[in-house]
$ cat coords18.txt   # compact mmCIF, C-alpha atoms
# COMPACT_ATOMS: atom_id res chain seq x y z
CA MET P 1 85.24 169.38 55.77
CA SER P 2 82.56 171.67 54.33
CA PHE P 3 80.67 168.53 53.31
CA ILE P 4 79.95 167.87 56.99
CA TYR P 5 77.84 171.01 57.25
CA LYS P 6 75.58 170.18 54.28
CA THR P 7 71.98 169.19 55.03
CA TRP P 8 71.05 167.06 52.03
CA TRP P 9 73.16 164.04 52.97
CA LYS P 10 71.81 164.02 56.53
CA VAL P 11 68.25 163.94 55.23
CA LEU P 12 69.26 161.10 52.91
CA VAL P 13 70.81 159.20 55.82
CA VAL P 14 67.63 159.48 57.91
CA VAL P 15 65.41 158.42 55.01
CA THR P 16 67.68 155.48 54.17
CA ILE P 17 67.81 154.25 57.77
CA ILE P 18 64.01 154.41 58.02
CA TYR P 19 63.81 152.44 54.77
CA THR P 20 66.25 149.77 55.96
CA LEU P 21 64.47 149.40 59.29
CA PHE P 22 61.12 148.92 57.57
CA ALA P 23 62.44 146.72 54.78
CA GLY P 24 64.59 144.71 57.17
CA LEU P 25 61.52 143.69 59.15
CA MET P 26 58.97 143.42 56.35
CA PHE P 27 60.71 142.25 53.15
CA GLY P 28 61.09 138.55 52.43
CA VAL P 29 64.32 136.70 53.24
CA PRO P 30 65.82 133.35 52.19
CA ARG P 31 64.85 130.35 54.32
CA LEU P 32 68.17 129.02 55.55
CA ALA P 33 68.77 126.19 58.00
CA ILE P 34 69.39 127.28 61.62
CA LEU P 35 69.13 130.98 60.79
CA HIS P 36 65.52 131.13 59.57
CA GLU P 37 64.05 134.59 60.36
CA THR P 38 67.08 135.58 62.45
CA ILE P 39 68.92 136.28 59.21
CA ARG P 40 67.16 139.66 59.33
CA ASN P 41 69.68 140.64 61.99
CA LEU P 42 72.19 140.87 59.15
CA TYR P 43 70.57 144.23 58.35
CA PHE P 44 71.36 145.52 61.84
CA HIS P 45 74.35 143.63 63.23
CA VAL P 46 76.84 143.97 60.37
CA PRO P 47 76.08 147.67 59.62
CA MET P 48 77.01 148.47 63.23
CA TRP P 49 80.48 147.06 62.58
CA MET P 50 80.72 148.97 59.31
CA ALA P 51 79.83 152.21 61.09
CA MET P 52 82.35 151.47 63.83
CA LEU P 53 85.11 150.76 61.34
CA THR P 54 84.32 153.92 59.38
CA VAL P 55 84.82 156.29 62.30
CA PHE P 56 87.77 154.29 63.67
CA VAL P 57 89.54 154.70 60.32
CA ILE P 58 88.85 158.44 60.40
CA SER P 59 90.20 158.60 63.97
CA VAL P 60 93.46 156.96 62.90
CA ILE P 61 93.82 159.36 59.95
CA PHE P 62 93.41 162.38 62.21
CA SER P 63 95.70 160.92 64.87
CA ILE P 64 98.40 160.73 62.19
CA ARG P 65 97.59 164.27 61.08
CA TYR P 66 97.83 165.48 64.68
CA LEU P 67 101.30 163.97 65.10
CA ALA P 68 102.35 165.62 61.83
CA THR P 69 100.93 169.08 62.55
CA GLY P 70 100.24 169.36 66.28
CA LYS P 71 96.80 170.90 65.62
CA GLU P 72 94.53 170.38 68.61
CA GLU P 73 91.49 170.19 66.35
CA TYR P 74 92.79 166.97 64.80
CA ASP P 75 93.15 165.38 68.24
CA LEU P 76 89.56 166.36 69.05
CA ILE P 77 88.31 164.78 65.83
CA ALA P 78 90.24 161.59 66.58
CA VAL P 79 88.90 161.17 70.11
CA GLU P 80 85.30 161.95 69.16
CA CYS P 81 85.47 159.43 66.33
CA VAL P 82 86.64 156.84 68.85
CA ASN P 83 83.84 157.80 71.26
CA THR P 84 81.30 157.42 68.46
CA GLY P 85 82.88 154.20 67.28
CA MET P 86 82.57 152.74 70.78
CA LEU P 87 78.83 153.36 70.67
CA PHE P 88 78.48 151.38 67.45
CA TYR P 89 80.95 148.80 68.74
CA ALA P 90 78.66 148.20 71.72
CA LEU P 91 75.62 147.98 69.43
CA GLY P 92 77.48 145.47 67.28
CA LEU P 93 78.27 143.33 70.31
CA VAL P 94 74.69 143.48 71.62
CA THR P 95 73.06 142.64 68.27
CA GLY P 96 75.59 139.83 67.86
CA MET P 97 74.75 138.43 71.28
CA ILE P 98 71.04 138.51 70.50
CA TRP P 99 71.66 136.70 67.23
CA ALA P 100 73.90 134.15 68.98
CA LYS P 101 71.14 133.39 71.50
CA PHE P 102 68.78 132.26 68.76
CA ALA P 103 71.35 130.66 66.44
CA TRP P 104 73.76 129.09 68.95
CA GLY P 105 71.61 128.80 72.07
CA ALA P 106 73.47 131.29 74.31
CA TYR P 107 74.19 135.00 74.35
CA TRP P 108 77.88 134.31 74.91
CA SER P 109 79.21 130.91 73.90
CA GLY P 110 82.92 131.65 74.11
CA ASP P 111 83.23 131.64 70.32
CA PRO P 112 86.65 132.95 69.20
CA LYS P 113 84.99 135.78 67.27
CA GLN P 114 83.09 136.91 70.36
CA ASN P 115 86.13 136.67 72.61
CA SER P 116 88.36 138.55 70.19
CA ALA P 117 85.74 141.28 69.75
CA ALA P 118 85.50 141.66 73.54
CA ILE P 119 89.30 141.96 73.87
CA ALA P 120 89.41 144.59 71.13
CA PHE P 121 86.59 146.48 72.86
CA LEU P 122 88.62 146.57 76.07
CA LEU P 123 91.60 147.76 74.03
CA TYR P 124 89.68 150.89 73.06
CA CYS P 125 88.28 151.29 76.56
CA ALA P 126 91.90 151.48 77.67
CA TYR P 127 92.43 154.28 75.14
CA LEU P 128 89.69 156.35 76.77
CA VAL P 129 91.00 155.60 80.26
CA LEU P 130 94.48 156.64 79.13
CA ARG P 131 93.22 159.99 77.88
CA ASN P 132 91.42 160.72 81.13
CA SER P 133 94.49 159.83 83.20
CA ILE P 134 96.78 162.48 81.64
CA ASP P 135 96.22 166.11 82.58
CA GLU P 136 98.72 167.91 80.34
CA GLU P 137 96.98 168.54 77.00
CA GLN P 138 99.82 168.12 74.50
CA LYS P 139 101.23 165.08 76.26
CA ARG P 140 97.76 163.52 76.42
CA ALA P 141 97.12 164.18 72.75
CA LYS P 142 100.47 162.76 71.58
CA ILE P 143 100.31 159.61 73.68
CA SER P 144 96.67 159.03 72.73
CA ALA P 145 97.42 159.49 69.04
CA ILE P 146 100.26 156.97 69.14
CA TYR P 147 98.10 154.49 71.09
CA ASN P 148 95.22 154.95 68.65
CA ILE P 149 97.43 154.32 65.61
CA PHE P 150 98.68 151.02 67.05
CA ALA P 151 95.32 149.95 68.52
CA PHE P 152 93.54 149.95 65.16
CA PRO P 153 95.64 147.25 63.41
CA ILE P 154 95.56 145.15 66.59
CA MET P 155 91.75 145.40 66.56
CA ILE P 156 91.69 144.34 62.90
CA VAL P 157 93.83 141.30 63.70
CA LEU P 158 91.67 140.34 66.69
CA ILE P 159 88.34 140.65 64.89
CA PHE P 160 89.04 139.74 61.28
CA ILE P 161 92.16 137.57 61.20
CA LEU P 162 92.60 135.43 64.33
CA PRO P 163 89.02 134.01 64.33
CA ARG P 164 89.63 132.73 60.78
CA MET P 165 92.56 130.65 62.01
CA THR P 166 90.61 128.52 64.49
CA ASP P 167 87.29 126.71 64.85
CA SER P 168 84.39 129.14 65.01
CA LEU P 169 80.61 129.10 64.70
CA HIS P 170 80.62 132.56 63.17
CA PRO P 171 79.97 132.82 59.40
CA GLY P 172 83.15 133.53 57.47
CA ASN P 173 85.40 132.17 60.24
CA GLY P 174 86.84 128.79 61.18
CA GLY P 175 86.08 127.30 57.78
CA ASN P 176 82.43 128.43 57.77
CA PRO P 177 81.27 130.16 54.59
CA GLY P 178 80.49 133.86 54.80
CA PHE P 179 77.12 135.26 53.86
CA ASN P 180 78.38 135.99 50.35
CA LYS P 181 78.42 132.21 49.91
CA TYR P 182 74.82 131.83 51.02
CA ASP P 183 71.71 132.39 48.97
CA LEU P 184 71.43 136.12 49.62
CA ASP P 185 69.00 137.10 46.89
CA SER P 186 68.23 140.59 45.57
CA ARG P 187 65.65 141.13 48.33
CA MET P 188 68.46 141.21 50.89
CA ARG P 189 71.00 143.08 48.80
CA VAL P 190 68.69 146.05 48.27
CA VAL P 191 68.46 146.40 52.06
CA VAL P 192 71.87 145.45 53.42
CA TYR P 193 73.99 147.60 51.10
CA PRO P 194 72.03 150.81 51.79
CA ALA P 195 72.21 149.90 55.50
CA PHE P 196 76.01 149.75 55.33
CA LEU P 197 76.17 153.24 53.87
CA ALA P 198 73.41 154.80 55.99
CA TRP P 199 74.73 153.65 59.37
CA SER P 200 78.30 154.54 58.42
CA PHE P 201 77.29 158.08 57.49
CA LEU P 202 75.17 158.32 60.64
CA ALA P 203 78.31 157.52 62.63
CA ILE P 204 80.16 160.30 60.78
CA TRP P 205 77.28 162.68 61.51
CA ILE P 206 77.29 161.86 65.23
CA ALA P 207 81.08 162.18 65.40
CA SER P 208 80.94 165.58 63.67
CA LEU P 209 78.37 166.84 66.17
CA ARG P 210 80.45 165.61 69.09
CA TYR P 211 83.55 167.26 67.59
CA ARG P 212 81.79 170.60 67.17
CA ILE P 213 80.61 170.51 70.78
CA ARG P 214 84.09 169.56 72.01
CA LEU P 215 85.66 172.34 69.88
CA ILE P 216 83.33 174.94 71.40
CA GLU P 217 84.27 173.75 74.89
CA TYR P 218 87.98 173.82 74.01
CA LYS P 219 87.84 177.38 72.68
CA ARG P 220 85.80 178.54 75.67
CA ASN P 221 88.39 177.08 78.03
CA GLU P 222 91.14 178.86 76.11
CA LEU P 223 89.34 182.20 76.54
CA ASN P 224 88.96 181.59 80.26
$ encode --input "coords18.txt" --output "structure tokens"
Amino acid sequence: MSFIYKTWWKVLVVVTIIYTLFAGLMFGVPRLAILHETIRNLYFHVPMWMAMLTVFVISVIFSIRYLATGKEEYDLIAVECVNTGMLFYALGLVTGMIWAKFAWGAYWSGDPKQNSAAIAFLLYCAYLVLRNSIDEEQKRAKISAIYNIFAFPIMIVLIFILPRMTDSLHPGNGGNPGFNKYDLDSRMRVVVYPAFLAWSFLAIWIASLRYRIRLIEYKRNELN
């Protein structure tokens, strides 16, 4: 956990994000049918999902650790990772809708990938509602941890498995090739891979800040 408090990686994250934003808009990209210049959204849309998955995985790990140890700090880490993940989840949905408007002609076309992502989003909204509906701390933490552990694999199935089993416009689903099958040359790889890492670590940074604030509030309430 001491890694979280280091400064060097946060500076690197900021520099890398600035680089990917600039390079994503200015560097050349392959000229692909239908996508054209909208392929640049790959630098922004997919990294949002990577960041979301990163903090959701961490939340599940700490939910398991909470059930094993009963430490309140682990529950706080889990919930703040979910809160942060929901932010990037929303950004992933919005950037996807913008891309869909230009590629498919509508912000929301009822594509199985879009519908499944929306259902999974509501699944995590229910997690937050559940937490706020239980007053007793230990009971809230235990029920939330169990819910979180089961919600994650359901989300994975909804987003990454079910859309592959039916017709879909989304790349990598419904028989469509993923972007690894397209002509993604080195100009794109030197932007998209750093973007994956930078946005994921930004999500961890935000979650750590939220956890530290929540921990201060928790300890202050204990003193009162």
$ closest_residue --input "coords18.txt" --among "P:Glu222, P:Glu80, P:Asp135, P:Glu217" --to "Phe56 in chain P" --atoms "all atoms listed in the file"
P:Glu80
$ closest_residue --input "coords18.txt" --among "P:Ala120, P:Val190, P:Leu197, P:Leu91" --to "Trp49 in chain P" --atoms "all atoms listed in the file"
P:Leu91
$ closest_residue --input "coords18.txt" --among "P:Val57, P:Ile204, P:Cys81, P:Leu223" --to "Phe152 in chain P" --atoms "only C-alpha atoms"
P:Val57
$ closest_residue --input "coords18.txt" --among "P:Ala100, P:Leu215, P:Met26, P:Val79" --to "Tyr127 in chain P" --atoms "only C-alpha atoms"
P:Val79
$ residues_around --input "coords18.txt" --residues "range 155-158 of chain P" --least-positions-apart "6" --cutoff "12 Å" --atoms "all atoms listed in the file" --output "JSON, numbers by chain"
{"P": [49, 52, 53, 56, 57, 89, 112, 113, 114, 115, 116, 117, 118, 119, 120, 121, 122, 123, 124, 147, 148, 149, 164, 165]}
$ residues_near_point --input "coords18.txt" --point "(66.9, 149.3, 54.4)" --cutoff "10 Å" --atoms "only C-alpha atoms" --output "ChimeraX atom specification"
/P:15-25,27,43-44,188-196,198
$ residues_near_point --input "coords18.txt" --point "(71.8, 142.2, 60.7)" --cutoff "10 Å" --atoms "only C-alpha atoms" --output "PyMOL selection string"
chain P and resi 24+38-48+92+95-96+99+192+195
$ atom_distance --input "coords18.txt" --atom1 "CA of Thr54 in chain P" --atom2 "CA of Asn132 in chain P"
23.9 Å
$ atom_distance --input "coords18.txt" --atom1 "CA of Ala103 in chain P" --atom2 "CA of Gly28 in chain P"
19.1 Å
$ decode --input "coords18.txt" --residues "range 122-153 of chain P" --atoms "N, CA and C atoms" --output "CSV table (one decimal), in the first residue's frame"
chain,number,residue,atom,x,y,z
P,122,LEU,N,-26.6,-0.8,-14.3
P,122,LEU,CA,-27.7,-0.8,-13.3
P,122,LEU,C,-27.4,-1.7,-12.1
P,123,LEU,N,-26.7,-2.8,-12.5
P,123,LEU,CA,-26.4,-3.8,-11.5
P,123,LEU,C,-25.5,-3.2,-10.4
P,124,TYR,N,-24.6,-2.4,-10.8
P,124,TYR,CA,-23.7,-1.7,-9.8
P,124,TYR,C,-24.4,-0.5,-9.2
P,125,CYS,N,-25.3,0.1,-9.9
P,125,CYS,CA,-26.1,1.2,-9.2
P,125,CYS,C,-26.9,0.6,-8.1
P,126,ALA,N,-27.4,-0.7,-8.3
P,126,ALA,CA,-28.1,-1.4,-7.2
P,126,ALA,C,-27.2,-1.6,-6.0
P,127,TYR,N,-25.9,-1.9,-6.3
P,127,TYR,CA,-25.0,-2.1,-5.2
P,127,TYR,C,-24.9,-0.8,-4.3
P,128,LEU,N,-24.8,0.3,-4.9
P,128,LEU,CA,-24.7,1.6,-4.2
P,128,LEU,C,-26.0,1.9,-3.4
P,129,VAL,N,-27.1,1.6,-4.1
P,129,VAL,CA,-28.4,1.8,-3.4
P,129,VAL,C,-28.5,0.9,-2.2
P,130,LEU,N,-28.1,-0.4,-2.4
P,130,LEU,CA,-28.1,-1.3,-1.3
P,130,LEU,C,-27.3,-0.9,-0.1
P,131,ARG,N,-26.1,-0.3,-0.3
P,131,ARG,CA,-25.3,0.2,0.8
P,131,ARG,C,-26.0,1.3,1.5
P,132,ASN,N,-26.6,2.2,0.8
P,132,ASN,CA,-27.3,3.3,1.4
P,132,ASN,C,-28.6,3.0,2.1
P,133,SER,N,-29.1,1.8,1.9
P,133,SER,CA,-30.3,1.4,2.5
P,133,SER,C,-30.2,0.6,3.8
P,134,ILE,N,-28.9,0.3,4.2
P,134,ILE,CA,-28.6,-0.4,5.4
P,134,ILE,C,-27.9,0.5,6.4
P,135,ASP,N,-28.4,0.6,7.6
P,135,ASP,CA,-27.8,1.5,8.5
P,135,ASP,C,-26.7,0.9,9.4
P,136,GLU,N,-26.9,-0.4,9.8
P,136,GLU,CA,-26.0,-1.0,10.6
P,136,GLU,C,-24.7,-1.3,9.9
P,137,GLU,N,-23.5,-0.8,10.4
P,137,GLU,CA,-22.3,-0.8,9.6
P,137,GLU,C,-21.8,-2.2,9.2
P,138,GLN,N,-21.7,-3.1,10.2
P,138,GLN,CA,-21.2,-4.5,9.9
P,138,GLN,C,-22.1,-5.2,8.9
P,139,LYS,N,-23.4,-5.1,9.2
P,139,LYS,CA,-24.3,-5.8,8.3
P,139,LYS,C,-24.2,-5.2,6.9
P,140,ARG,N,-24.2,-3.9,6.7
P,140,ARG,CA,-24.0,-3.2,5.4
P,140,ARG,C,-22.8,-3.7,4.7
P,141,ALA,N,-21.7,-3.8,5.5
P,141,ALA,CA,-20.4,-4.1,4.8
P,141,ALA,C,-20.4,-5.6,4.4
P,142,LYS,N,-21.0,-6.5,5.2
P,142,LYS,CA,-21.0,-7.9,4.8
P,142,LYS,C,-21.9,-8.2,3.6
P,143,ILE,N,-23.1,-7.6,3.6
P,143,ILE,CA,-24.0,-7.8,2.5
P,143,ILE,C,-23.5,-7.2,1.2
P,144,SER,N,-22.9,-6.0,1.3
P,144,SER,CA,-22.3,-5.3,0.2
P,144,SER,C,-21.1,-6.1,-0.4
P,145,ALA,N,-20.3,-6.6,0.5
P,145,ALA,CA,-19.2,-7.4,0.0
P,145,ALA,C,-19.6,-8.7,-0.8
P,146,ILE,N,-20.6,-9.3,-0.2
P,146,ILE,CA,-21.1,-10.5,-0.9
P,146,ILE,C,-21.7,-10.1,-2.3
P,147,TYR,N,-22.5,-9.1,-2.3
P,147,TYR,CA,-23.1,-8.6,-3.5
P,147,TYR,C,-22.1,-8.3,-4.5
P,148,ASN,N,-21.0,-7.5,-4.1
P,148,ASN,CA,-20.0,-7.1,-5.0
P,148,ASN,C,-19.2,-8.3,-5.6
P,149,ILE,N,-19.0,-9.3,-4.8
P,149,ILE,CA,-18.3,-10.5,-5.3
P,149,ILE,C,-19.1,-11.2,-6.4
P,150,PHE,N,-20.4,-11.3,-6.3
P,150,PHE,CA,-21.2,-11.9,-7.3
P,150,PHE,C,-21.5,-11.0,-8.5
P,151,ALA,N,-21.6,-9.7,-8.2
P,151,ALA,CA,-21.9,-8.7,-9.3
P,151,ALA,C,-20.8,-8.7,-10.4
P,152,PHE,N,-19.5,-8.8,-9.9
P,152,PHE,CA,-18.4,-8.7,-10.9
P,152,PHE,C,-18.5,-9.8,-12.0
P,153,PRO,N,-18.6,-11.1,-11.7
P,153,PRO,CA,-18.7,-12.1,-12.8
P,153,PRO,C,-19.9,-11.9,-13.6
